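> Have a look at the structure that comes next, please.
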Amino acid sequence: MGLREPVTARGPALTEEGVHVLNKRLEQWLIRIGIFVLPSLVAVSIYLPSGLLMPSRLVILGLAVGTAWQFLRHPSKEPVLVGVVVVSAVFLAFGALGALRFPQGVQLSHGAVLGFAVLVCLAFSILGSDRGMVRAAVWGWLASLAVTGVVGTWEILTDQYLPGNTPAVYWKPLDWTYNLIAATYDNPNLYAYHITVGLLLVPLAWRLAPGWTRWLLIPFAAWQIVLLLRTSGRLAQIAFLIGVVVWLLCNRRTRLVTVILLALLAGSMALGMPPGSQALEYLHLDQATAPGSSVWVRLLLLNSALWILPHTGYLGTGPGGFEHWALLPENPHQFYGLNNAHSGLTEVLCEYGVVTFAVFAAALVAMVVCACRWMRGSDTLTRALGSAAIALTVTVLPLSTAHSTWLSQPLMGAHLGLVVLLLSACRSTGEQQTATAPAASHHQKALPNSLKR
């Protein structure tokens, strides 16, 4: 009897511990599944229930609840989390202030989209330390490219379009030569935006892919580049090229050659010689003085925002207010009733005010600086995480300008949340390597890689 009592007493404790471990693993897997499917749900959102029942929003709410529960059990003061909290608080404060001051132009649906973007960024700033979450995000984005790519390829091969492709539905009956693809989005520019974000993750996916499977990424990327070209999304294409340059500059082997090529390109631009002259033609800067052109319209809408700002005391109109103020009769900057900002930063400036714009711009700069700092002296995977974070941060400007609206698009939150996740992962892996550096050096072993263990 005396020998059996300790075994009996120990049994329940082991069972409780096992249940706790099982619950923790189940929670982690559910969060990873949510992160994995989020980009695909965003991509097909116009064909799914809308409002609060939108599947992507339900997933975001689930991620927020799960992450909040983890944070309450293990509170932390991670700098990425602190930064997200500060920026989010400024957005929410000035958004609420604008809504209270100018309720006639406020669109609560726009504020809701921003609110869910905040939840994504808050959750991802905490989850970045888990290697499984980063893998889920990267492969989830590539899976979403595959899903939308099937539809995009079908559009090319059949010259048919889904009913949600608004430009095709309108223009195809009027012009049989119309052939811009949008896959599951309602506009080719949004699809181009989606492809660009995913393509800039391919070099990171190369580091994460096991063995020979990484070679499959080459034909996959080539396929997506073809689809990107068929969208004719010029700003997204420019963003992709900028992101590629960032990756090349972040790689020690290609940095010098890239700098030399960029210098030659800048010199040929100044002299008006190829390839610089061809690059300038591709940018269409001459359209700035051509009434009705894409660049001219965007500059006109920027002037509209600058006209609106003083009338709001430089504090912003509130969520979605630009669309109302742009059509006021006294606004001198109007063009055929066009009231979409066509620039994410213009939306931020006009709807959330100068303070919010300055904080947001400073946050983007800080993200690049922090990524450069945390990836310095680290292993190849940590540098890849930092490089991906930088590439997706510096492309916020062109990508946010690609479509007519930005702050009202679920894709915006998915993009910013991904950047936050990568930045948090970069810091986490860099810290772990720094902390284990003395031991590794002493034992003459390679530094452990938290994303590969």
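In the structure tokens, each chain is lettered A, B, ... as it comes, each chain's residues begin at 1, and ligands are numbered from 1 in order of appearance.
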Set out as CSV a contact list for range 97-191 of chain A and range 411-422 of chain A with a cut-off of 9 Å, giving each residue of range 97-191 of chain A that qualifies its closest atom pair and distance in Å to one decimal, counting only C-alpha atoms, ordered by chain and rising residue number.

residue,atom,partner,partner_atom,distance
A:Val113,CA,A:Gly413,CA,7.7
A:Leu114,CA,A:Gly413,CA,7.2
A:Phe116,CA,A:Gly413,CA,7.1
A:Ala117,CA,A:Gly413,CA,4.0
A:Val118,CA,A:Gly413,CA,7.4
A:Leu119,CA,A:Gly417,CA,8.7
A:Val120,CA,A:Gly417,CA,5.4
A:Cys121,CA,A:Gly417,CA,4.4
A:Leu122,CA,A:Gly417,CA,8.0
A:Ala123,CA,A:Gly417,CA,8.3
A:Phe124,CA,A:Leu421,CA,4.8
A:Ser125,CA,A:Leu421,CA,5.5
A:Ile126,CA,A:Leu421,CA,8.0
A:Leu127,CA,A:Leu421,CA,6.9
A:Gly128,CA,A:Leu421,CA,4.9
A:Ser129,CA,A:Leu421,CA,8.5
A:Met133,CA,A:Leu421,CA,8.5
A:Val134,CA,A:Leu421,CA,7.1
A:Ala137,CA,A:Leu418,CA,7.3
A:Val138,CA,A:Leu418,CA,8.7
A:Leu190,CA,A:Leu411,CA,8.2
> From a DSSP pass on the backbone, collect the residues of range 29-166 of chain A flagged as helix (DSSP H, G or I) and hand them back as a ChimeraX atom specification.
/A:29-43,45-47,51-53,55-73,79-101,103-105,108-127,131-158,166
> Using only C-alpha atoms, I'd like a table of the residues in range 158-215 of chain A that come within 10 Å of range 241-246 of chain A; for each, show the closest atom pair and its distance in Å rounded to one decimal, ordered by chain and ascending number, as a tab-separated table.

residue	atom	partner	partner_atom	distance
A:Thr196	CA	A:Gly243	CA	8.7
A:Val197	CA	A:Gly243	CA	9.2
A:Leu199	CA	A:Gly243	CA	9.2
A:Leu200	CA	A:Gly243	CA	6.4
A:Leu201	CA	A:Gly243	CA	9.8
A:Pro203	CA	A:Val244	CA	9.6
> Counting only C-alpha atoms, what are the residues of range 343-406 of chain A within 12 Å of range 100-110 of chain A, and for each of them which pair of atoms is the nearest and at what distance in Å, to one decimal? Sort the table by chain and rising number, as a tab-separated table.

residue	atom	partner	partner_atom	distance
A:Glu347	CA	A:His110	CA	11.0
A:Val348	CA	A:His110	CA	11.8
A:Glu351	CA	A:Val106	CA	9.3
A:Tyr352	CA	A:Val106	CA	11.5
A:Thr405	CA	A:His110	CA	10.3
A:Trp406	CA	A:His110	CA	9.8
> So which one's closest to Ala143 in chain A, A:Ala192, A:Leu41, A:Trp215, A:Leu52? Using only C-alpha atoms, please.
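Using only C-alpha atoms, the shortest distance to Ala143 in chain A belongs to A:Leu41.
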> To one decimal place, how far is CA of Lys172 in chain A from CA of Glu323 in chain A in Å?
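Distance reported for this atom pair: 27.7 Å.
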> Quick one: residues within 10 Å of Val42 in chain A, only C-alpha atoms counted, chain neighbours fewer than 3 positions away excluded, as number ranges by chain?
A: 37-39, 45-46, 48, 54-57, 144, 184-185, 194, 409-414
> When distances are computed from only C-alpha atoms, which of A:Cys370, A:Ile181, A:Pro291, A:Asn187 shows the smallest separation from Val151 in chain A?
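Nearest candidate to Val151 in chain A out of A:Cys370, A:Ile181, A:Pro291, A:Asn187: A:Ile181.
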> At a cut-off of 10 Å, using only C-alpha atoms, what residues contact Arg207 in chain A? Leave out same-chain residues fewer than 3 positions from it and give the result as a PyMOL selection string.
chain A and resi 202-204+210-211+214+380-382+384-385+451-452
> Using only C-alpha atoms, pick whichever of A:Ile195, A:Thr401, A:Ser232, A:Trp223 has the shortest atom-to-atom distance to Val295 in chain A.
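Of all the options, A:Thr401 lies closest to Val295 in chain A.
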> Using only C-alpha atoms for the distances, tell me which of A:Ala99, A:Val86, A:Leu328, A:Ile225 is nearest to Gly152 in chain A.
A:Ile225
> Skipping near chain neighbours, those fewer than 5 positions away, what residues fall within 7 Å of Ala239 in chain A using only C-alpha atoms, listed as a PyMOL selection string?
chain A and resi 395+398-399
> Which is closest to Asn179 in chain A among A:Trp69, A:Tyr193, A:Tyr314, A:Tyr161, if we use only C-alpha atoms?
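When distances to Asn179 in chain A are compared using only C-alpha atoms, the smallest one comes from A:Tyr161.
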> So that I can see what lies close to Gln224 in chain A, please list as a VMD selection string the residues with an atom at most 9 Å from it, counting only C-alpha atoms and leaving out residues fewer than 4 positions away in the same chain.
chain A and resid 145 to 146 149 195 to 196 198 to 199 219 to 220 228 to 229
> For the residues in that selection, give me all heavy atoms as a CSV table (one decimal), in the first residue's frame.

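Written output follows (out-v8.csv):
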chain,number,residue,atom,x,y,z
A,145,LEU,N,-1.9,33.3,-53.2
A,145,LEU,CA,-1.5,33.6,-54.6
A,145,LEU,C,-1.9,32.4,-55.5
A,145,LEU,O,-2.2,32.6,-56.7
A,145,LEU,CB,0.0,33.8,-54.7
A,145,LEU,CG,0.6,35.1,-54.1
A,145,LEU,CD1,2.0,35.3,-54.5
A,145,LEU,CD2,-0.2,36.3,-54.4
A,146,ALA,N,-1.7,31.2,-55.0
A,146,ALA,CA,-2.1,30.1,-55.9
A,146,ALA,C,-3.6,30.0,-56.1
A,146,ALA,O,-4.1,29.8,-57.2
A,146,ALA,CB,-1.7,28.8,-55.2
A,149,GLY,N,-4.4,32.9,-58.4
A,149,GLY,CA,-3.7,32.6,-59.6
A,149,GLY,C,-4.4,31.7,-60.5
A,149,GLY,O,-4.4,31.9,-61.8
A,195,ILE,N,-0.7,40.4,-55.4
A,195,ILE,CA,0.4,39.6,-55.9
A,195,ILE,C,1.8,40.2,-55.5
A,195,ILE,O,2.7,39.4,-55.1
A,195,ILE,CB,0.3,39.6,-57.5
A,195,ILE,CG1,-0.9,38.9,-58.0
A,195,ILE,CG2,1.6,39.0,-58.1
A,195,ILE,CD1,-1.1,39.0,-59.5
A,196,THR,N,1.9,41.5,-55.5
A,196,THR,CA,3.2,42.1,-55.1
A,196,THR,C,3.6,41.8,-53.7
A,196,THR,O,4.8,41.4,-53.5
A,196,THR,CB,3.1,43.6,-55.3
A,196,THR,OG1,2.8,44.0,-56.6
A,196,THR,CG2,4.4,44.3,-54.9
A,198,GLY,N,2.8,39.1,-52.0
A,198,GLY,CA,3.2,37.7,-52.0
A,198,GLY,C,4.5,37.5,-52.6
A,198,GLY,O,5.3,36.7,-52.1
A,199,LEU,N,4.8,38.1,-53.8
A,199,LEU,CA,6.0,37.9,-54.5
A,199,LEU,C,7.2,38.4,-53.6
A,199,LEU,O,8.3,37.7,-53.7
A,199,LEU,CB,6.0,38.7,-55.8
A,199,LEU,CG,5.3,38.0,-57.0
A,199,LEU,CD1,5.3,38.9,-58.2
A,199,LEU,CD2,6.1,36.7,-57.3
A,219,PRO,N,9.5,28.6,-60.6
A,219,PRO,CA,8.4,28.6,-61.6
A,219,PRO,C,7.1,29.3,-61.0
A,219,PRO,O,6.3,30.0,-61.7
A,219,PRO,CB,8.1,27.2,-62.0
A,219,PRO,CG,8.7,26.4,-60.8
A,219,PRO,CD,9.9,27.2,-60.4
A,220,PHE,N,6.9,29.1,-59.7
A,220,PHE,CA,5.8,29.8,-59.0
A,220,PHE,C,5.9,31.3,-59.1
A,220,PHE,O,4.9,32.0,-59.5
A,220,PHE,CB,5.7,29.3,-57.6
A,220,PHE,CG,4.5,29.9,-56.8
A,220,PHE,CD1,3.3,29.4,-56.9
A,220,PHE,CD2,4.7,31.1,-56.0
A,220,PHE,CE1,2.2,29.9,-56.2
A,220,PHE,CE2,3.6,31.6,-55.3
A,220,PHE,CZ,2.4,31.0,-55.4
A,228,LEU,N,0.9,39.4,-62.7
A,228,LEU,CA,1.1,40.8,-62.3
A,228,LEU,C,1.1,41.7,-63.5
A,228,LEU,O,0.5,42.8,-63.5
A,228,LEU,CB,2.4,41.0,-61.5
A,228,LEU,CG,2.7,42.4,-61.0
A,228,LEU,CD1,1.6,43.0,-60.2
A,228,LEU,CD2,4.1,42.4,-60.3
A,229,LEU,N,1.8,41.3,-64.5
A,229,LEU,CA,1.9,42.1,-65.8
A,229,LEU,C,0.5,42.2,-66.4
A,229,LEU,O,0.2,43.2,-67.0
A,229,LEU,CB,2.9,41.5,-66.7
A,229,LEU,CG,4.4,41.5,-66.3
A,229,LEU,CD1,5.3,40.8,-67.2
A,229,LEU,CD2,4.9,43.0,-66.1
> Mind pulling up the distance from CA of Gly132 in chain A to CA of Leu208 in chain A?
10.8 Å
